[in-house]
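query-v1.txt follows (compact mmCIF, C-alpha atoms):
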```
# COMPACT_ATOMS: atom_id res chain seq x y z
CA MET A 2 0.00 0.00 0.00
CA LYS A 3 2.80 2.42 0.85
CA LYS A 4 4.33 1.95 -2.60
CA PHE A 5 1.02 2.64 -4.31
CA LEU A 6 0.50 5.76 -2.22
CA ALA A 7 3.99 6.99 -3.10
CA ILE A 8 3.50 6.26 -6.81
CA GLY A 9 -0.19 7.00 -7.19
CA LEU A 10 -0.20 10.14 -5.05
CA ALA A 11 3.24 11.55 -5.74
CA LEU A 12 1.66 13.94 -8.21
CA ALA A 13 -1.79 14.73 -6.89
CA PHE A 14 -3.04 18.10 -7.91
CA PHE A 15 -4.62 21.46 -7.02
CA ILE A 16 -7.47 23.02 -9.04
CA SER A 17 -6.72 26.49 -10.51
CA VAL A 18 -8.99 29.26 -11.74
CA ILE A 19 -8.99 29.57 -15.55
CA GLY A 20 -10.43 32.51 -17.54
CA GLY A 21 -14.16 32.46 -18.16
CA ALA A 22 -13.70 32.90 -21.93
CA GLN A 23 -12.06 29.48 -22.18
CA GLN A 24 -14.22 26.37 -22.30
CA PRO A 25 -13.32 23.00 -20.73
CA THR A 26 -12.17 20.43 -23.26
CA GLU A 27 -12.44 17.65 -20.69
CA ASN A 28 -13.11 17.56 -16.96
CA GLY A 29 -13.91 14.95 -14.36
CA THR A 30 -12.82 13.17 -11.20
CA PHE A 31 -10.56 10.20 -10.56
CA ALA A 32 -11.10 8.01 -7.48
CA TYR A 33 -8.15 6.11 -5.99
CA GLN A 34 -9.07 2.66 -4.67
CA ILE A 35 -6.59 0.30 -2.98
CA THR A 36 -7.37 -3.35 -2.21
CA LYS A 37 -5.25 -5.44 0.15
CA LYS A 38 -4.83 -8.96 -1.19
CA SER A 39 -4.38 -10.53 2.25
CA THR A 40 -7.73 -9.37 3.58
CA GLY A 41 -9.66 -8.39 0.45
CA THR A 42 -10.50 -5.06 2.09
CA THR A 43 -10.83 -2.03 -0.16
CA GLU A 44 -10.11 1.56 0.78
CA LYS A 45 -10.84 4.76 -1.12
CA ALA A 46 -7.64 6.74 -0.60
CA GLY A 47 -8.71 9.97 -2.27
CA GLU A 48 -10.28 11.79 -5.20
CA GLU A 49 -8.67 13.96 -7.85
CA SER A 50 -10.64 16.52 -9.86
CA PHE A 51 -9.21 17.79 -13.13
CA VAL A 52 -9.87 20.28 -15.92
CA LEU A 53 -8.16 20.08 -19.31
CA GLN A 54 -8.71 23.16 -21.48
CA LYS A 55 -7.71 24.25 -24.96
CA GLN A 56 -6.13 27.69 -24.89
CA ALA A 57 -6.51 30.49 -27.42
CA ASP A 58 -3.06 29.73 -28.87
CA GLY A 59 -3.97 26.06 -29.50
CA THR A 60 -2.09 24.65 -26.52
CA PHE A 61 -3.75 22.60 -23.76
CA ARG A 62 -3.61 23.37 -20.04
CA LEU A 63 -4.25 20.76 -17.36
CA VAL A 64 -4.91 21.60 -13.72
CA SER A 65 -6.28 19.33 -11.05
CA SER A 66 -6.78 18.90 -7.30
CA PHE A 67 -6.40 15.91 -5.01
CA LYS A 68 -8.26 15.46 -1.73
CA ALA A 69 -7.06 12.71 0.57
CA LEU A 70 -9.93 10.68 2.03
CA SER A 71 -7.82 8.14 3.91
CA GLU A 72 -7.38 9.03 7.58
CA GLU A 73 -3.94 7.41 7.39
CA LEU A 74 -2.88 9.81 4.66
CA LYS A 75 -4.31 12.84 6.42
CA ALA A 76 -2.47 11.93 9.61
CA GLU A 77 0.80 11.19 7.80
CA TYR A 78 0.88 14.48 5.86
CA GLY A 79 -1.06 16.71 8.25
CA THR A 80 -3.48 17.84 5.53
CA ASP A 81 -5.82 16.51 2.88
CA ASP A 82 -4.35 18.88 0.23
CA LEU A 83 -1.16 17.08 -0.70
CA PHE A 84 0.06 18.43 -4.04
CA SER A 85 -0.68 20.92 -6.82
CA LEU A 86 0.04 20.73 -10.56
CA ASP A 87 -0.25 22.95 -13.62
CA MET A 88 0.82 21.53 -17.01
CA THR A 89 0.72 22.85 -20.58
CA THR A 90 1.17 20.70 -23.70
CA ASP A 91 0.82 21.12 -27.43
CA ALA A 92 -1.98 19.53 -29.47
CA ASN A 93 -0.06 16.21 -29.55
CA SER A 94 0.31 16.17 -25.74
CA ARG A 95 4.00 17.11 -25.91
CA LEU A 96 5.17 18.99 -22.87
CA ILE A 97 5.65 22.77 -22.96
CA ASN A 98 5.82 23.51 -19.25
CA TYR A 99 5.08 21.76 -15.99
CA LYS A 100 4.94 22.74 -12.32
CA VAL A 101 4.11 20.68 -9.25
CA THR A 102 4.26 21.86 -5.62
CA SER A 103 3.61 20.42 -2.18
CA LYS A 104 3.52 21.76 1.36
CA THR A 105 2.85 19.29 4.18
CA ILE A 106 4.26 18.47 7.60
CA LYS A 107 6.84 16.34 5.79
CA GLY A 108 8.26 19.44 4.12
CA GLN A 109 7.91 21.36 0.88
CA PHE A 110 8.97 20.85 -2.72
CA ASP A 111 8.61 22.68 -6.02
CA ALA A 112 9.48 20.92 -9.27
CA SER A 113 9.24 22.55 -12.67
CA ILE A 114 10.14 21.84 -16.29
CA VAL A 115 10.24 24.36 -19.11
CA VAL A 116 10.82 23.11 -22.67
CA ASN A 117 12.64 25.68 -24.80
CA ASN A 118 11.93 25.56 -28.55
CA GLY A 119 11.12 21.86 -28.23
CA GLN A 120 14.84 21.12 -27.92
CA VAL A 121 15.99 21.58 -24.32
CA ALA A 122 14.13 20.90 -21.07
CA LYS A 123 15.22 22.92 -18.04
CA ILE A 124 14.40 21.17 -14.77
CA VAL A 125 14.39 22.97 -11.41
CA LEU A 126 13.81 21.20 -8.09
CA LYS A 127 13.53 23.08 -4.79
CA THR A 128 12.92 21.49 -1.39
CA LYS A 129 12.53 22.52 2.25
CA ASP A 130 12.61 19.93 5.02
CA PRO A 131 10.50 20.17 8.23
CA ALA A 132 13.44 21.85 9.99
CA GLY A 133 13.52 24.59 7.37
CA LYS A 134 16.66 23.51 5.49
CA GLU A 135 16.33 24.49 1.81
CA THR A 136 17.92 23.01 -1.30
CA SER A 137 17.77 24.12 -4.93
CA SER A 138 19.08 22.24 -7.97
CA GLU A 139 18.64 22.52 -11.70
CA ARG A 140 19.81 20.90 -14.91
CA GLU A 141 19.09 20.84 -18.61
CA VAL A 142 18.26 17.80 -20.75
CA ILE A 143 18.61 17.82 -24.52
CA LEU A 144 15.49 16.42 -26.16
CA GLY A 145 15.28 14.30 -29.30
CA LYS A 146 13.52 14.15 -32.61
CA ASP A 147 10.18 12.41 -33.03
CA GLY A 148 10.55 8.68 -33.63
CA ASP A 149 14.11 8.41 -32.33
CA PRO A 150 14.01 5.86 -29.47
CA ASP A 151 17.47 6.88 -28.23
CA GLN A 152 16.55 10.51 -27.59
CA VAL A 153 14.50 11.98 -24.74
CA GLN A 154 10.96 12.99 -25.69
CA PRO A 155 9.02 15.97 -24.22
CA LEU A 156 6.98 13.63 -22.04
CA ILE A 157 6.57 13.44 -18.26
CA ALA A 158 7.26 10.22 -16.36
CA THR A 159 6.62 10.91 -12.70
CA GLY A 160 4.39 9.56 -9.93
CA PHE A 161 1.60 8.65 -12.35
CA ALA A 162 -1.47 10.23 -10.82
CA GLY A 163 -4.73 10.07 -12.74
CA SER A 164 -4.40 13.36 -14.61
CA ASP A 165 -0.75 12.70 -15.38
CA LEU A 166 -1.76 9.40 -16.97
CA LEU A 167 -4.58 11.11 -18.83
CA VAL A 168 -1.95 13.15 -20.70
CA LEU A 169 0.20 10.05 -21.24
CA GLN A 170 -2.78 8.20 -22.77
CA LYS A 171 -3.43 11.10 -25.15
CA PHE A 172 0.28 11.23 -26.04
CA ILE A 173 0.24 7.53 -26.92
CA THR A 174 -2.91 7.93 -29.04
CA ALA A 175 -1.41 10.87 -30.95
CA ASN A 176 2.13 9.57 -31.39
CA VAL A 177 2.29 5.77 -31.17
CA LYS A 178 1.15 3.76 -34.19
CA GLU A 179 3.11 0.59 -33.39
CA ASN A 180 1.90 -2.13 -31.00
CA LYS A 181 5.09 -1.73 -29.00
CA ARG A 182 7.33 1.27 -28.49
CA SER A 183 9.69 2.67 -25.88
CA PHE A 184 10.18 6.29 -24.87
CA LEU A 185 12.81 8.10 -22.85
CA ALA A 186 10.87 10.57 -20.73
CA LEU A 187 11.53 13.12 -17.96
CA ASP A 188 11.12 12.81 -14.19
CA PRO A 189 12.02 16.07 -12.36
CA PHE A 190 12.15 14.27 -9.00
CA ARG A 191 15.16 12.18 -10.10
CA LEU A 192 17.36 15.18 -10.78
CA THR A 193 20.63 13.22 -10.73
CA ASN A 194 19.20 10.98 -13.45
CA PRO A 195 15.94 12.48 -14.74
CA VAL A 196 15.63 10.27 -17.83
CA VAL A 197 13.22 7.33 -17.43
CA LYS A 198 12.45 4.62 -20.00
CA LEU A 199 8.77 3.87 -20.58
CA ASP A 200 7.87 0.67 -22.41
CA ILE A 201 4.48 0.99 -24.13
CA GLU A 202 2.44 -1.97 -25.41
CA LYS A 203 -1.04 -1.95 -26.91
CA LEU A 204 -2.87 -4.92 -25.40
CA ALA A 205 -6.04 -6.79 -26.32
CA PRO A 206 -9.28 -4.91 -25.44
CA VAL A 207 -11.09 -5.85 -22.24
CA LYS A 208 -14.48 -5.21 -20.70
CA ILE A 209 -15.27 -3.21 -17.60
CA LYS A 210 -18.35 -4.15 -15.60
CA THR A 211 -20.20 -1.36 -13.83
CA ASP A 212 -23.29 -1.48 -11.64
CA LYS A 213 -25.40 -0.85 -14.77
CA ASP A 214 -23.73 -2.45 -17.80
CA THR A 215 -20.59 -3.90 -19.40
CA ILE A 216 -18.40 -1.69 -21.61
CA ASP A 217 -15.63 -2.53 -24.08
CA VAL A 218 -12.43 -0.52 -23.51
CA GLN A 219 -9.00 -0.28 -25.13
CA ARG A 220 -5.99 -1.26 -23.05
CA VAL A 221 -2.37 -0.05 -23.08
CA GLY A 222 0.37 -1.42 -20.84
CA VAL A 223 3.07 0.89 -19.43
CA THR A 224 6.19 -0.52 -17.77
CA PHE A 225 9.08 1.34 -16.15
CA LYS A 226 11.63 0.97 -13.39
CA ASP A 227 11.11 2.96 -10.20
CA GLU A 228 13.83 4.88 -8.37
CA LYS A 229 14.99 1.64 -6.69
CA GLY A 230 15.34 -0.14 -10.01
CA GLU A 231 12.28 -2.31 -9.46
CA THR A 232 9.94 -2.92 -12.41
CA PHE A 233 6.44 -1.48 -12.10
CA SER A 234 3.60 -1.97 -14.58
CA LEU A 235 0.18 -0.44 -15.02
CA GLU A 236 -2.59 -0.49 -17.61
CA LEU A 237 -4.46 2.45 -19.13
CA LEU A 238 -8.12 1.77 -19.96
CA SER A 239 -9.75 4.11 -22.47
CA LYS A 240 -12.78 4.46 -24.71
CA ASP A 241 -12.99 6.88 -27.65
CA ASN A 242 -9.69 8.45 -26.54
CA VAL A 243 -11.09 9.20 -23.06
CA LEU A 244 -9.23 7.62 -20.14
CA GLN A 245 -11.69 5.57 -18.09
CA GLY A 246 -9.28 4.26 -15.48
CA ILE A 247 -5.90 2.80 -14.53
CA THR A 248 -5.04 -0.53 -12.93
CA ALA A 249 -1.82 -1.65 -11.28
CA GLU A 250 -0.77 -4.51 -9.05
CA GLU A 251 2.01 -5.38 -6.62
CA PRO A 252 2.47 -8.50 -4.47
CA THR A 253 0.31 -7.28 -1.57
CA SER A 254 -2.09 -4.73 -3.11
CA ARG A 255 -4.11 -3.74 -6.16
CA LEU A 256 -4.68 -0.18 -7.31
CA LEU A 257 -7.66 1.01 -9.32
CA ILE A 258 -7.94 4.66 -10.36
CA TYR A 259 -11.30 5.17 -12.03
CA ARG A 260 -13.39 8.04 -13.38
CA SER A 261 -15.86 8.43 -10.54
CA ASP A 262 -17.76 11.14 -12.45
CA LEU A 263 -18.55 8.48 -15.07
CA TYR A 264 -18.78 5.50 -12.71
CA PRO A 265 -19.80 6.65 -9.20
CA LYS A 266 -19.71 3.08 -7.89
CA GLY A 267 -16.54 2.13 -9.74
CA PHE A 268 -16.07 -0.82 -12.05
CA GLU A 269 -14.48 -4.26 -12.31
CA VAL A 270 -12.12 -5.24 -15.13
CA VAL A 271 -13.24 -8.41 -16.88
CA LYS A 272 -10.44 -10.06 -18.88
```

Rewrite the structure of this file - the entire thing - as structure tokens.
Amino acid sequence: MKKFLAIGLALAFFISVIGGAQQPTENGTFAYQITKKSTGTTEKAGEESFVLQKQADGTFRLVSSFKALSEELKAEYGTDDLFSLDMTTDANSRLINYKVTSKTIKGQFDASIVVNNGQVAKIVLKTKDPAGKETSSEREVILGKDGDPDQVQPLIATGFAGSDLLVLQKFITANVKENKRSFLALDPFRLTNPVVKLDIEKLAPVKIKTDKDTIDVQRVGVTFKDEKGETFSLELLSKDNVLQGITAEEPTSRLLIYRSDLYPKGFEVVK
């Protein structure tokens, strides 16, 4: 469970006010559900609301907010507002800029990425521990050309919260035509080695069973190595290019992140 909370909640987000002249392209809520294999008990850890909007210049801005519902999480971090994020991409979901912040009893951090002319990504990471000690580091990463597997792409690989994965799913739809492909992506929290390899595989469709009906969804597998070098895999479930949910599994727990605005009572994956 701890690993899922670190991965699934590492990039939970804060909702921002966007100008009234702009209209939402997509909005909704992700629910985070963790099931312990040993007991079969299920806990709703939190909910994440998001808004994805097309801007006047043709770019897309994503903002979202996460509210912890788990009493364990609230006690551990001293708040139910854990993180905030603001991300802008182009029409093909390629990163333009990115900012995530957090302020809890465990300390503070600010991570940002700015992509200059689509060629260089500048990463800045600032932290402050509970005792008030501050650190600040930055570095630049040269990006690659489209289709070159040996060059870093303008794509975020971080804690994989629901909205973060929503952008990843759209990136795959817009840029991946093969059944299998690997990307080198950016993780601002691994500043000594911010390049992360993502292995993408389009899998056979599955069905999700809700309280009302059964729905066919597309499925994409994503595999990467975490900061300890351990392999972690998850699956993106989508329909008509709209992310419906995410599943992941480790030896002791299962994670389901689902669109609670679409499925208030959740769903079960039927393979």

**Study point:** Exercise: A:Leu126 partners within 7 Å, all atoms listed in the file, chain neighbours under 6 positions left out, as an MDAnalysis selection string
**Key:** chainID A and resid 111:113 137:139 189

Centre, edges in Å (one decimal): axis-aligned box, stretch 244-258 of chain A, 6 Å padding on all six sides, as AutoDock Vina command-line options:
```
--center_x -4.6 --center_y -0.4 --center_z -10.9 --size_x 26.2 --size_y 28.1 --size_z 30.6
```

Exercise for review: Using all atoms listed in the file, determine which residues lie at most 8 Å from A:Phe61, disregarding the query and same-chain residues fewer than 3 positions distant; provide the list as a ChimeraX atom specification.
Suggested key: /A:53-56,89-92,94

Polymer residues at most 8 Å from A:Leu169, only C-alpha atoms, same-chain spacing of 3 or more positions, as a PDB file with C-alpha atoms, keeping the file's coordinate frame:
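This went into around_2.pdb:
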```pdb
ATOM      1  CA  SER A  94       0.310  16.170 -25.740  1.00  0.00           C
ATOM      2  CA  LEU A 156       6.980  13.630 -22.040  1.00  0.00           C
ATOM      3  CA  ILE A 157       6.570  13.440 -18.260  1.00  0.00           C
ATOM      4  CA  ASP A 165      -0.750  12.700 -15.380  1.00  0.00           C
ATOM      5  CA  LEU A 166      -1.760   9.400 -16.970  1.00  0.00           C
ATOM      6  CA  PHE A 172       0.280  11.230 -26.040  1.00  0.00           C
ATOM      7  CA  ILE A 173       0.240   7.530 -26.920  1.00  0.00           C
TER       8      ILE A 173
END
```

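Checking A:Ser85, A:Phe31, A:Pro195, A:Lys107 one by one against A:Ala122, counting only C-alpha atoms, you find the shortest gap at A:Pro195.
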
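Nearest residue to A:Lys226 among A:Ile35, A:Val270, A:Ala158, A:Val101 is A:Ala158, counting only C-alpha atoms.
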
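In this structure, atom CA of A:Asp214 sits 18.0 Å away from atom CA of A:Val243.
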
Revision key, fill the gap. Between A:Gly29, A:Pro155, A:Gly133, A:Gly246, smallest distance to A:Val116 by only C-alpha atoms belongs to A:Pro155

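Closest approach to A:Arg62 among A:Lys100, A:Arg220, A:Lys123, A:Lys240 is made by A:Lys100 (distances from only C-alpha atoms).
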
Practice item. Take the point (3.2, 2.8, -16.9) as written in the file and pick out every residue within 9 Å of it, counting all atoms listed in the file; give the list as number ranges by chain. Key: A: 158, 161, 166, 169, 199-201, 221-225, 233-237, 249

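Of the residues listed (A:Gln109, A:Thr40, A:Asn194, A:Thr136), A:Gln109 shows the shortest atom-to-atom separation from A:Tyr78; distances use only C-alpha atoms.
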
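Atom CA of A:Val121 lies 22.5 Å from atom CA of A:Arg182.
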
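The closest residue to A:Gly41, picked from A:Lys127, A:Arg255, A:Arg260, A:Lys272 and counting all atoms listed in the file, is A:Arg255.
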
Review point. If you measure from atom CA of A:Ile106 to atom CA of A:Pro131, what distance in Å do you get, rounded to one decimal?
Key: 6.5 Å

Can you put N, CA and C atoms back into stretch 220-233 of chain A and show it as a PDB file, in the coordinates of the input?
```
ATOM      1  N   ARG A 220      -6.917  -1.035 -24.156  1.00  0.00           N
ATOM      2  CA  ARG A 220      -5.990  -1.260 -23.050  1.00  0.00           C
ATOM      3  C   ARG A 220      -4.542  -1.064 -23.538  1.00  0.00           C
ATOM      4  N   VAL A 221      -3.778  -0.284 -22.778  1.00  0.00           N
ATOM      5  CA  VAL A 221      -2.370  -0.050 -23.080  1.00  0.00           C
ATOM      6  C   VAL A 221      -1.550  -0.323 -21.825  1.00  0.00           C
ATOM      7  N   GLY A 222      -0.513  -1.146 -21.954  1.00  0.00           N
ATOM      8  CA  GLY A 222       0.370  -1.420 -20.840  1.00  0.00           C
ATOM      9  C   GLY A 222       1.543  -0.451 -20.822  1.00  0.00           C
ATOM     10  N   VAL A 223       1.925  -0.001 -19.617  1.00  0.00           N
ATOM     11  CA  VAL A 223       3.070   0.890 -19.430  1.00  0.00           C
ATOM     12  C   VAL A 223       3.965   0.274 -18.362  1.00  0.00           C
ATOM     13  N   THR A 224       5.238   0.078 -18.703  1.00  0.00           N
ATOM     14  CA  THR A 224       6.190  -0.520 -17.770  1.00  0.00           C
ATOM     15  C   THR A 224       7.409   0.382 -17.636  1.00  0.00           C
ATOM     16  N   PHE A 225       7.895   0.529 -16.408  1.00  0.00           N
ATOM     17  CA  PHE A 225       9.080   1.340 -16.150  1.00  0.00           C
ATOM     18  C   PHE A 225       9.757   0.828 -14.886  1.00  0.00           C
ATOM     19  N   LYS A 226      10.928   1.313 -14.619  1.00  0.00           N
ATOM     20  CA  LYS A 226      11.630   0.970 -13.390  1.00  0.00           C
ATOM     21  C   LYS A 226      11.549   2.157 -12.435  1.00  0.00           C
ATOM     22  N   ASP A 227      11.212   1.879 -11.172  1.00  0.00           N
ATOM     23  CA  ASP A 227      11.110   2.960 -10.200  1.00  0.00           C
ATOM     24  C   ASP A 227      12.510   3.380  -9.741  1.00  0.00           C
ATOM     25  N   GLU A 228      12.544   4.317  -8.792  1.00  0.00           N
ATOM     26  CA  GLU A 228      13.830   4.880  -8.370  1.00  0.00           C
ATOM     27  C   GLU A 228      14.747   3.849  -7.713  1.00  0.00           C
ATOM     28  N   LYS A 229      14.182   2.707  -7.280  1.00  0.00           N
ATOM     29  CA  LYS A 229      14.990   1.640  -6.690  1.00  0.00           C
ATOM     30  C   LYS A 229      15.403   0.591  -7.724  1.00  0.00           C
ATOM     31  N   GLY A 230      14.993   0.802  -8.973  1.00  0.00           N
ATOM     32  CA  GLY A 230      15.340  -0.140 -10.010  1.00  0.00           C
ATOM     33  C   GLY A 230      14.372  -1.299 -10.136  1.00  0.00           C
ATOM     34  N   GLU A 231      13.266  -1.246  -9.402  1.00  0.00           N
ATOM     35  CA  GLU A 231      12.280  -2.310  -9.460  1.00  0.00           C
ATOM     36  C   GLU A 231      11.265  -2.026 -10.578  1.00  0.00           C
ATOM     37  N   THR A 232      10.884  -3.074 -11.296  1.00  0.00           N
ATOM     38  CA  THR A 232       9.940  -2.920 -12.410  1.00  0.00           C
ATOM     39  C   THR A 232       8.525  -2.733 -11.894  1.00  0.00           C
ATOM     40  N   PHE A 233       7.836  -1.757 -12.463  1.00  0.00           N
ATOM     41  CA  PHE A 233       6.440  -1.480 -12.100  1.00  0.00           C
ATOM     42  C   PHE A 233       5.626  -1.362 -13.374  1.00  0.00           C
TER      43      PHE A 233
END
```
